[in-house]
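A.B. asks: Just so it is clear, I am handing over structure-v2.txt, which has compact mmCIF, C-alpha atoms.
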```txt
# COMPACT_ATOMS: atom_id res chain seq x y z
CA MET Q 3 62.08 36.90 88.76
CA SER Q 4 59.04 39.07 88.30
CA PRO Q 5 59.38 41.83 85.74
CA ARG Q 6 59.07 44.48 88.42
CA LEU Q 7 62.03 43.14 90.35
CA ALA Q 8 63.93 42.82 87.09
CA LEU Q 9 63.69 46.59 86.75
CA PHE Q 10 66.06 46.86 89.69
CA VAL Q 11 68.83 45.11 87.80
CA PRO Q 12 70.20 48.32 86.20
CA LEU Q 13 70.43 49.83 89.68
CA ILE Q 14 72.28 46.78 90.96
CA VAL Q 15 74.65 46.87 88.01
CA PHE Q 16 75.30 50.54 88.69
CA VAL Q 17 76.02 49.92 92.37
CA VAL Q 18 78.51 47.21 91.43
CA VAL Q 19 80.26 49.25 88.75
CA ALA Q 20 80.23 52.62 90.55
CA PRO Q 21 83.19 51.95 92.91
CA PHE Q 22 85.40 51.14 89.93
CA LEU Q 23 84.35 54.32 88.16
CA TRP Q 24 84.94 56.31 91.33
CA LEU Q 25 88.45 54.96 91.64
CA ALA Q 26 89.15 55.70 88.01
CA LEU Q 27 88.17 59.37 88.46
CA ASP Q 28 91.49 59.94 90.18
CA ARG Q 29 93.55 58.68 87.28
CA ASP Q 30 94.80 61.11 84.68
CA PRO Q 31 93.53 59.73 81.37
CA ASN Q 32 96.38 61.43 79.55
CA GLU Q 33 99.00 59.31 81.25
CA LEU Q 34 99.46 56.16 79.27
CA PRO Q 35 101.04 53.22 81.07
CA SER Q 36 104.20 52.33 79.26
CA ALA Q 37 103.86 49.44 76.85
CA ARG Q 38 107.46 48.50 77.71
CA ILE Q 39 106.93 47.69 81.36
CA GLY Q 40 108.39 44.28 82.12
CA GLU Q 41 110.47 44.36 78.95
CA PRO Q 42 114.19 45.05 78.57
CA PHE Q 43 115.23 48.55 77.61
CA PRO Q 44 115.10 48.71 73.80
CA ALA Q 45 118.27 47.97 71.86
CA PHE Q 46 120.07 51.08 70.64
CA SER Q 47 123.44 52.38 69.53
CA LEU Q 48 123.80 56.13 70.05
CA PRO Q 49 126.57 58.53 70.99
CA SER Q 50 127.03 60.00 74.44
CA LEU Q 51 126.01 63.65 74.73
CA LYS Q 52 129.23 64.96 76.23
CA HIS Q 53 131.59 62.51 74.55
CA PRO Q 54 130.41 62.17 70.94
CA GLU Q 55 133.13 59.68 70.05
CA LYS Q 56 131.77 57.24 72.64
CA LEU Q 57 128.97 54.93 71.44
CA LEU Q 58 126.49 53.79 74.06
CA ASN Q 59 124.23 50.73 73.87
CA THR Q 60 121.87 48.65 76.02
CA ALA Q 61 124.74 47.11 77.99
CA ASP Q 62 125.34 50.55 79.51
CA MET Q 63 121.81 50.48 80.91
CA ARG Q 64 122.48 47.40 83.03
CA GLY Q 65 124.38 46.81 86.25
CA GLN Q 66 122.56 49.05 88.69
CA VAL Q 67 119.02 50.19 89.45
CA ALA Q 68 118.62 53.51 87.63
CA LEU Q 69 116.23 56.19 86.48
CA VAL Q 70 116.17 57.12 82.82
CA ASN Q 71 115.08 60.73 82.42
CA VAL Q 72 113.93 61.97 79.02
CA TRP Q 73 114.87 65.64 78.72
CA ALA Q 74 115.56 68.44 76.24
CA THR Q 75 116.42 72.14 76.30
CA TRP Q 76 113.24 72.97 74.36
CA CYS Q 77 111.20 71.41 77.16
CA TYR Q 78 110.26 74.07 79.71
CA ALA Q 79 109.00 71.59 82.28
CA CYS Q 80 112.37 69.83 82.20
CA ARG Q 81 113.96 72.98 83.57
CA ILE Q 82 111.50 72.93 86.48
CA GLU Q 83 112.24 69.29 87.14
CA HIS Q 84 116.00 69.71 87.09
CA ALA Q 85 116.49 70.77 90.70
CA MET Q 86 114.72 67.61 91.85
CA LEU Q 87 117.00 65.49 89.71
CA ASN Q 88 120.07 67.21 91.13
CA GLU Q 89 118.80 66.42 94.60
CA LEU Q 90 118.16 62.77 93.81
CA ALA Q 91 121.61 62.41 92.29
CA LEU Q 92 123.13 63.84 95.47
CA GLU Q 93 121.23 61.24 97.45
CA GLY Q 94 122.88 58.52 95.41
CA VAL Q 95 120.17 57.70 92.86
CA LYS Q 96 121.72 56.80 89.51
CA ILE Q 97 120.07 58.84 86.76
CA ILE Q 98 120.74 58.25 83.07
CA GLY Q 99 119.75 61.08 80.74
CA LEU Q 100 118.06 60.60 77.39
CA ASN Q 101 118.57 63.85 75.54
CA TYR Q 102 115.65 63.76 73.14
CA LYS Q 103 115.69 65.49 69.74
CA ASP Q 104 117.90 68.28 71.00
CA ASN Q 105 120.85 70.42 69.94
CA ARG Q 106 124.14 69.10 71.30
CA GLN Q 107 125.72 72.46 72.06
CA GLU Q 108 122.66 73.87 73.77
CA ALA Q 109 122.21 70.68 75.77
CA THR Q 110 125.80 70.71 77.00
CA ARG Q 111 125.56 74.39 77.90
CA TRP Q 112 122.32 73.70 79.77
CA LEU Q 113 123.96 71.03 81.91
CA ASN Q 114 126.94 73.25 82.62
CA GLN Q 115 124.62 76.02 83.79
CA LEU Q 116 122.06 74.03 85.73
CA GLY Q 117 124.17 71.13 86.96
CA ASP Q 118 124.51 67.60 85.59
CA PRO Q 119 122.70 64.94 87.65
CA TYR Q 120 123.22 62.31 84.97
CA ALA Q 121 125.75 59.47 85.10
CA PHE Q 122 125.75 60.04 81.35
CA SER Q 123 123.31 61.31 78.72
CA ILE Q 124 122.39 59.50 75.52
CA PHE Q 125 122.22 61.84 72.55
CA ASP Q 126 119.07 60.76 70.68
CA ALA Q 127 119.06 63.40 67.96
CA GLN Q 128 116.37 61.80 65.77
CA GLY Q 129 114.25 60.46 68.59
CA SER Q 130 114.66 56.89 67.33
CA LEU Q 131 115.35 55.48 70.79
CA GLY Q 132 112.47 57.60 72.09
CA LEU Q 133 110.17 56.00 69.55
CA ASP Q 134 111.25 52.48 70.50
CA LEU Q 135 110.74 53.32 74.13
CA GLY Q 136 107.29 54.83 73.57
CA VAL Q 137 108.19 58.38 74.54
CA TYR Q 138 105.50 60.88 73.60
CA GLY Q 139 106.34 64.01 75.58
CA ALA Q 140 109.23 65.23 77.67
CA PRO Q 141 109.80 65.09 80.58
CA GLU Q 142 109.38 61.39 81.18
CA THR Q 143 111.14 59.24 83.77
CA TYR Q 144 111.61 55.49 83.56
CA LEU Q 145 112.71 53.18 86.36
CA LEU Q 146 115.04 50.34 85.35
CA ASP Q 147 116.13 47.44 87.48
CA ALA Q 148 119.71 46.18 87.58
CA GLU Q 149 119.08 43.89 84.60
CA GLY Q 150 117.87 46.82 82.53
CA ILE Q 151 114.20 45.81 82.61
CA VAL Q 152 111.70 48.67 82.51
CA GLN Q 153 109.74 48.64 85.77
CA TYR Q 154 107.79 51.87 85.69
CA ARG Q 155 107.29 55.05 83.71
CA ARG Q 156 106.09 58.49 84.68
CA VAL Q 157 105.01 61.08 82.12
CA GLY Q 158 105.36 64.60 83.51
CA VAL Q 159 107.51 66.56 85.89
CA LEU Q 160 109.16 64.55 88.65
CA ASP Q 161 108.70 66.42 91.92
CA GLN Q 162 108.84 65.43 95.61
CA ARG Q 163 105.23 64.37 95.66
CA SER Q 164 105.37 62.19 92.57
CA TRP Q 165 108.71 60.72 93.68
CA GLN Q 166 107.16 59.69 97.00
CA ARG Q 167 103.93 58.43 95.49
CA GLU Q 168 105.24 56.62 92.43
CA PHE Q 169 108.94 55.88 92.72
CA ALA Q 170 110.28 55.81 96.27
CA GLU Q 171 108.85 52.44 97.28
CA ARG Q 172 109.55 50.75 93.95
CA TYR Q 173 113.07 52.10 93.92
CA GLN Q 174 113.75 50.87 97.46
CA LEU Q 175 112.38 47.42 96.68
CA LEU Q 176 114.57 47.07 93.60
CA VAL Q 177 117.68 48.33 95.35
CA SER Q 178 117.27 46.11 98.40
CA GLY Q 179 116.40 43.13 96.22
CA ASP Q 180 119.66 43.81 94.50
CA VAL Q 181 121.93 43.65 97.51
CA ASP Q 182 121.48 39.89 97.68
CA MET C 21 68.30 74.57 54.93
CA ARG C 22 68.20 76.65 51.73
CA ALA C 23 69.67 74.98 48.68
CA GLY C 24 72.22 77.79 48.36
CA MET C 25 73.55 76.98 51.83
CA LEU C 26 74.26 73.39 50.97
CA PHE C 27 77.47 73.79 49.01
CA PRO C 28 79.23 76.16 51.45
CA ALA C 29 78.13 73.92 54.31
CA MET C 30 79.66 70.90 52.62
CA VAL C 31 82.91 72.75 52.03
CA VAL C 32 83.14 73.78 55.67
CA LEU C 33 82.22 70.39 57.07
CA TRP C 34 84.42 68.30 54.79
CA SER C 35 87.44 70.57 54.96
CA GLY C 36 87.95 69.17 58.48
CA LEU C 37 89.73 66.27 56.83
CA ALA C 38 92.54 68.58 55.71
CA PHE C 39 93.54 69.91 59.14
CA GLY C 40 96.71 68.97 60.99
CA GLN C 41 98.89 67.31 58.45
CA THR C 42 100.73 70.05 56.60
CA GLU C 43 103.75 68.16 55.28
CA VAL C 44 103.79 66.91 51.71
CA VAL C 45 104.19 63.17 51.66
CA GLU C 46 106.03 61.55 48.77
CA PHE C 47 105.69 57.87 48.08
CA SER C 48 107.87 55.79 45.80
CA ASP C 49 104.71 53.83 45.03
CA GLU C 50 101.44 55.79 44.93
CA SER C 51 99.40 52.73 45.85
CA LEU C 52 100.77 53.15 49.38
CA ARG C 53 98.98 56.45 49.86
CA PRO C 54 95.43 55.20 50.56
CA ARG C 55 96.86 52.76 53.14
CA TYR C 56 98.87 55.59 54.68
CA GLN C 57 95.76 57.76 54.87
CA GLN C 58 93.73 54.98 56.43
CA LEU C 59 96.38 54.19 59.03
CA ILE C 60 96.92 57.76 60.18
CA GLU C 61 93.18 58.20 60.55
CA GLU C 62 92.79 54.99 62.49
CA LEU C 63 95.57 55.60 64.99
CA ARG C 64 95.36 57.83 68.02
CA CYS C 65 97.88 60.56 68.77
CA PRO C 66 99.49 59.47 72.10
CA LYS C 67 99.83 63.06 73.24
CA CYS C 68 96.67 64.76 71.94
CA GLN C 69 94.56 61.77 72.69
CA ASN C 70 91.28 62.94 71.26
CA GLN C 71 92.89 63.40 67.86
CA ASN C 72 94.07 60.87 65.37
CA LEU C 73 97.51 61.00 63.82
CA ALA C 74 96.10 62.69 60.70
CA ASP C 75 94.69 65.65 62.61
CA SER C 76 97.29 66.21 65.29
CA ASN C 77 100.07 68.77 65.02
CA SER C 78 102.10 67.59 67.97
CA ALA C 79 105.72 66.56 67.47
CA ILE C 80 105.05 62.94 68.24
CA ALA C 81 102.28 62.81 65.62
CA VAL C 82 104.64 64.22 63.01
CA ASP C 83 107.26 61.63 63.97
CA LEU C 84 104.79 58.78 63.90
CA ARG C 85 103.44 59.79 60.50
CA LEU C 86 107.00 59.73 59.18
CA GLN C 87 107.57 56.36 60.79
CA ILE C 88 104.41 54.93 59.25
CA GLN C 89 105.49 56.23 55.87
CA SER C 90 108.88 54.60 56.29
CA LEU C 91 107.35 51.31 57.44
CA LEU C 92 105.04 51.29 54.42
CA GLU C 93 107.98 51.87 52.10
CA GLN C 94 109.69 48.90 53.77
CA GLN C 95 106.74 46.77 52.68
CA ASN C 96 105.20 46.13 56.06
CA SER C 97 101.56 45.12 56.15
CA ASN C 98 98.94 47.24 57.94
CA ALA C 99 98.78 44.65 60.69
CA GLU C 100 102.54 44.73 61.15
CA ILE C 101 102.56 48.51 61.36
CA LYS C 102 99.77 48.59 63.91
CA SER C 103 101.49 45.92 65.94
CA TYR C 104 104.80 47.84 65.76
CA LEU C 105 103.11 50.94 67.18
CA ALA C 106 101.07 49.07 69.80
CA GLU C 107 104.29 47.45 71.08
CA ARG C 108 105.66 50.88 71.81
CA TYR C 109 102.59 52.91 72.69
CA SER C 110 100.21 50.20 73.96
CA ASP C 111 96.85 49.13 72.49
CA PHE C 112 95.50 52.54 73.36
CA ILE C 113 96.96 53.89 70.14
CA LEU C 114 94.50 51.75 68.16
CA TYR C 115 91.09 53.36 67.89
CA ARG C 116 89.48 50.02 67.32
CA PRO C 117 90.13 47.86 70.35
CA LEU C 118 91.19 44.38 69.33
CA VAL C 119 88.65 41.70 70.06
CA ASP C 120 90.31 39.48 72.62
CA ARG C 121 89.31 38.00 75.95
CA ARG C 122 89.60 41.33 77.75
CA THR C 123 87.67 43.43 75.32
CA LEU C 124 85.04 40.82 74.52
CA PHE C 125 83.03 42.03 77.50
CA LEU C 126 83.23 45.60 76.20
CA TRP C 127 81.93 44.61 72.78
CA ALA C 128 79.25 42.23 74.07
CA ALA C 129 77.93 44.37 76.92
CA PRO C 130 75.70 46.70 74.88
CA ILE C 131 74.06 43.74 73.16
CA PHE C 132 73.41 42.08 76.50
CA PHE C 133 71.91 45.21 77.96
CA MET C 134 69.60 45.65 75.00
CA LEU C 135 68.48 42.01 75.13
CA PHE C 136 67.84 42.35 78.83
CA ALA C 137 65.85 45.54 78.40
CA ALA C 138 63.82 44.05 75.56
CA THR C 139 62.98 40.95 77.60
CA ALA C 140 61.94 42.99 80.62
CA MET C 141 59.74 45.17 78.44
CA VAL C 142 58.05 42.22 76.76
CA LEU C 143 57.33 40.53 80.08
CA LEU C 144 56.01 43.77 81.58
CA LEU C 145 53.73 44.43 78.62
CA ARG C 146 52.42 40.90 78.66
CA ARG C 147 51.63 41.18 82.33
CA GLN C 148 49.87 44.49 81.86
CA ARG C 149 47.80 43.08 79.05
CA ARG C 150 46.86 40.12 81.18
CA ILE C 151 45.72 42.46 83.95
CA SER C 152 43.71 44.74 81.71
CA ASP C 153 42.03 41.72 80.14
CA ASP C 154 41.07 40.45 83.54
CA PRO C 155 41.46 43.19 86.11
CA GLY C 156 40.00 41.20 88.96
CA ASN C 157 42.63 38.54 88.68
CA ASP C 158 46.04 40.18 89.07
CA PRO C 159 48.19 37.50 90.75
CA GLN C 160 50.38 40.16 92.34
CA ILE C 161 47.58 41.72 94.28
CA VAL C 162 46.52 39.67 97.27
CA ILE C 163 43.26 40.81 98.71
CA SER C 164 40.90 39.16 101.13
CA ASP C 165 37.49 37.98 99.89
CA ALA C 166 35.65 40.47 102.10
CA ASP C 167 37.63 43.36 100.69
CA GLN C 168 37.11 42.02 97.20
CA GLN C 169 33.36 42.17 97.68
CA ARG C 170 33.53 45.70 99.06
CA LEU C 171 35.64 46.69 96.10
CA ALA C 172 33.14 45.26 93.63
CA GLN C 173 30.34 47.09 95.38
CA LEU C 174 32.17 50.39 95.38
CA LEU C 175 33.04 50.09 91.75
CA ASN C 176 29.50 49.27 90.78
CA THR C 177 28.08 52.16 92.77
CA ARG C 178 30.44 54.60 91.16
CA ASN C 179 29.58 53.36 87.70
CA ASP C 180 25.84 53.75 88.38
CA ARG C 181 26.25 57.32 89.47
CA ARG C 182 27.91 58.32 86.20
```
Kindly transcribe the structure held in the file into structure tokens.
C.D. replies:
Amino acid sequence: MSPRLALFVPLIVFVVVAPFLWLALDRDPNELPSARIGEPFPAFSLPSLKHPEKLLNTADMRGQVALVNVWATWCYACRIEHAMLNELALEGVKIIGLNYKDNRQEATRWLNQLGDPYAFSIFDAQGSLGLDLGVYGAPETYLLDAEGIVQYRRVGVLDQRSWQREFAERYQLLVSGDVD
Amino acid sequence: MRAGMLFPAMVVLWSGLAFGQTEVVEFSDESLRPRYQQLIEELRCPKCQNQNLADSNSAIAVDLRLQIQSLLEQQNSNAEIKSYLAERYSDFILYRPLVDRRTLFLWAAPIFFMLFAATAMVLLLRRQRRISDDPGNDPQIVISDADQQRLAQLLNTRNDRR
């Protein structure tokens, strides 16, 4: 190849790489994909929020396709998200709450006031389960299959748009795969 | 810069190392401290992603610093601690990407580009030197004999007029 033609190589490299960069522009660099995707929900032994004498563990996360929603009363965005969760629960979606580094009384009062979409809430006072899961900011929502394997994670408020874009199809696939 | 400016400038620039971490950290064994310091500077805050764990004030950074302290006290090696965190927060938490099959391209690419550029430059320069040594004989320029004669004539005439 003559040296002059060789000068076109950077242009060719750019043309090849550019579509990938263009696609990546859409992605929010702050949203980390969960390191736990494909893995079982981490082992834990923590009390239920509303029934402190009851100890919950990983077995309680299995049996049915479910969302795990990380929430807390100190998290303003969680309040915004709550109506959406109530709606989803009404539509039959099983949602498990992970009450993250919160105050038990305030959390219970919160649910009484705003409605409780959760099948149950895990009271993770220290955030130890959150750490094992890779939680870094509430609200977060995880999608678990019936075996309790983490299939997807969203960081940020769950609204209609993000439900449609990120969860609806995955959820349907898991649920229908289940019925067999 | 005046000599008198140097000391205050140093104080301002180096005090950046003290930001973020405000808690006092107690170790049962002081030899753990330099490892602690190194780890929290080498790990990214998952939430404030342009800060390391040493500089960030976010809740998760505080929690992770505590966790690293606890893991150090439990006699884990640096590699074990990094692997513990990467398992939960993905490789992104490590500022230095590991060198494996995926990242090899990332590491090698700059070297390849430089080699390529250097080669192209050398070849170009050599060709230019060849042409300037023997301007009538550039292999890239194809010109008929008649035109070549006209060219020689024109060039000679111009030189004479000067």
A.B. asks: Can you list every residue of chain C that has an atom at most 7 Å from chain Q, with its nearest atom pair and the distance in Å to one decimal, using all atoms listed in the file, ordered by chain then number, as a tab-separated table?
C.D. replies:
```
residue	atom	partner	partner_atom	distance
C:Pro66	CA	Q:Tyr138	CA	6.4
C:Lys67	CA	Q:Tyr138	CA	6.1
C:Ile80	CA	Q:Tyr138	CA	5.8
C:Glu107	CA	Q:Ala37	CA	6.1
C:Arg108	CA	Q:Gly136	CA	4.6
C:Tyr109	CA	Q:Gly136	CA	5.2
C:Ser110	CA	Q:Ala37	CA	4.7
C:Ala140	CA	Q:Pro5	CA	5.8
C:Leu143	CA	Q:Pro5	CA	6.2
C:Leu144	CA	Q:Pro5	CA	5.7
```
A.B. asks: Rank Q:Ile97, Q:Asn59, Q:Asn88, Q:Leu145 by their smallest atom-to-atom distance to Glu171 in chain Q, using all atoms listed in the file, and report the top residue only.
C.D. replies: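 Ranked by minimum distance to Glu171 in chain Q, first place goes to Q:Leu145.
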A.B. asks: Quick check, in Å to one decimal: how far apart do CA of Arg155 in chain Q and CA of Pro141 in chain Q lie?
C.D. replies: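 Taking CA of Arg155 in chain Q and CA of Pro141 in chain Q, their separation equals 10.8 Å.
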A.B. asks: What does the distance from CA of Leu135 in chain C to CA of Arg121 in chain C come to in Å, to one decimal?
C.D. replies: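 Separation between CA of Leu135 in chain C and CA of Arg121 in chain C: 21.2 Å.
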A.B. asks: When you draw a straight line from CA of Leu91 in chain C to CA of Asn105 in chain Q, how long is it in Å?
C.D. replies: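 It comes out at 26.5 Å.
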A.B. asks: If you count only C-alpha atoms, which residues fall within 9 Å of Ser76 in chain C, apart from same-chain ones fewer than 3 positions away, as JSON, numbers by chain?
C.D. replies: {"C": [39, 40, 41, 65, 67, 68, 71, 72, 73, 79, 80, 81, 82]}
A.B. asks: If we count all atoms listed in the file, what is near Val44 in chain C at a cut-off of 12 Å, once residues fewer than 2 positions away on the same chain are taken out, given as a list in words?
C.D. replies: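 Listing them by chain and then by number gives Gly40, Gln41, Thr42, Glu46, Phe47, Arg53, Val82, Arg85, Leu86 and Gln89 of chain C.
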A.B. asks: Ranking Q:Val70, Q:Leu131, Q:Ala170, Q:Ala109 by minimum distance to Ser47 in chain Q and counting all atoms listed in the file, which one comes first?
C.D. replies: Q:Leu131
A.B. asks: Between C:Tyr104, C:Gln168, C:Asp120, C:Arg147, single out the one closest to Leu84 in chain C, counting all atoms listed in the file.
C.D. replies: C:Tyr104
A.B. asks: For a quick check of understanding, using all atoms listed in the file, which of Q:Gly40, Q:Gly179, Q:Pro54, Q:Gly158 has the smallest distance to Ile82 in chain Q?
C.D. replies: Q:Gly158
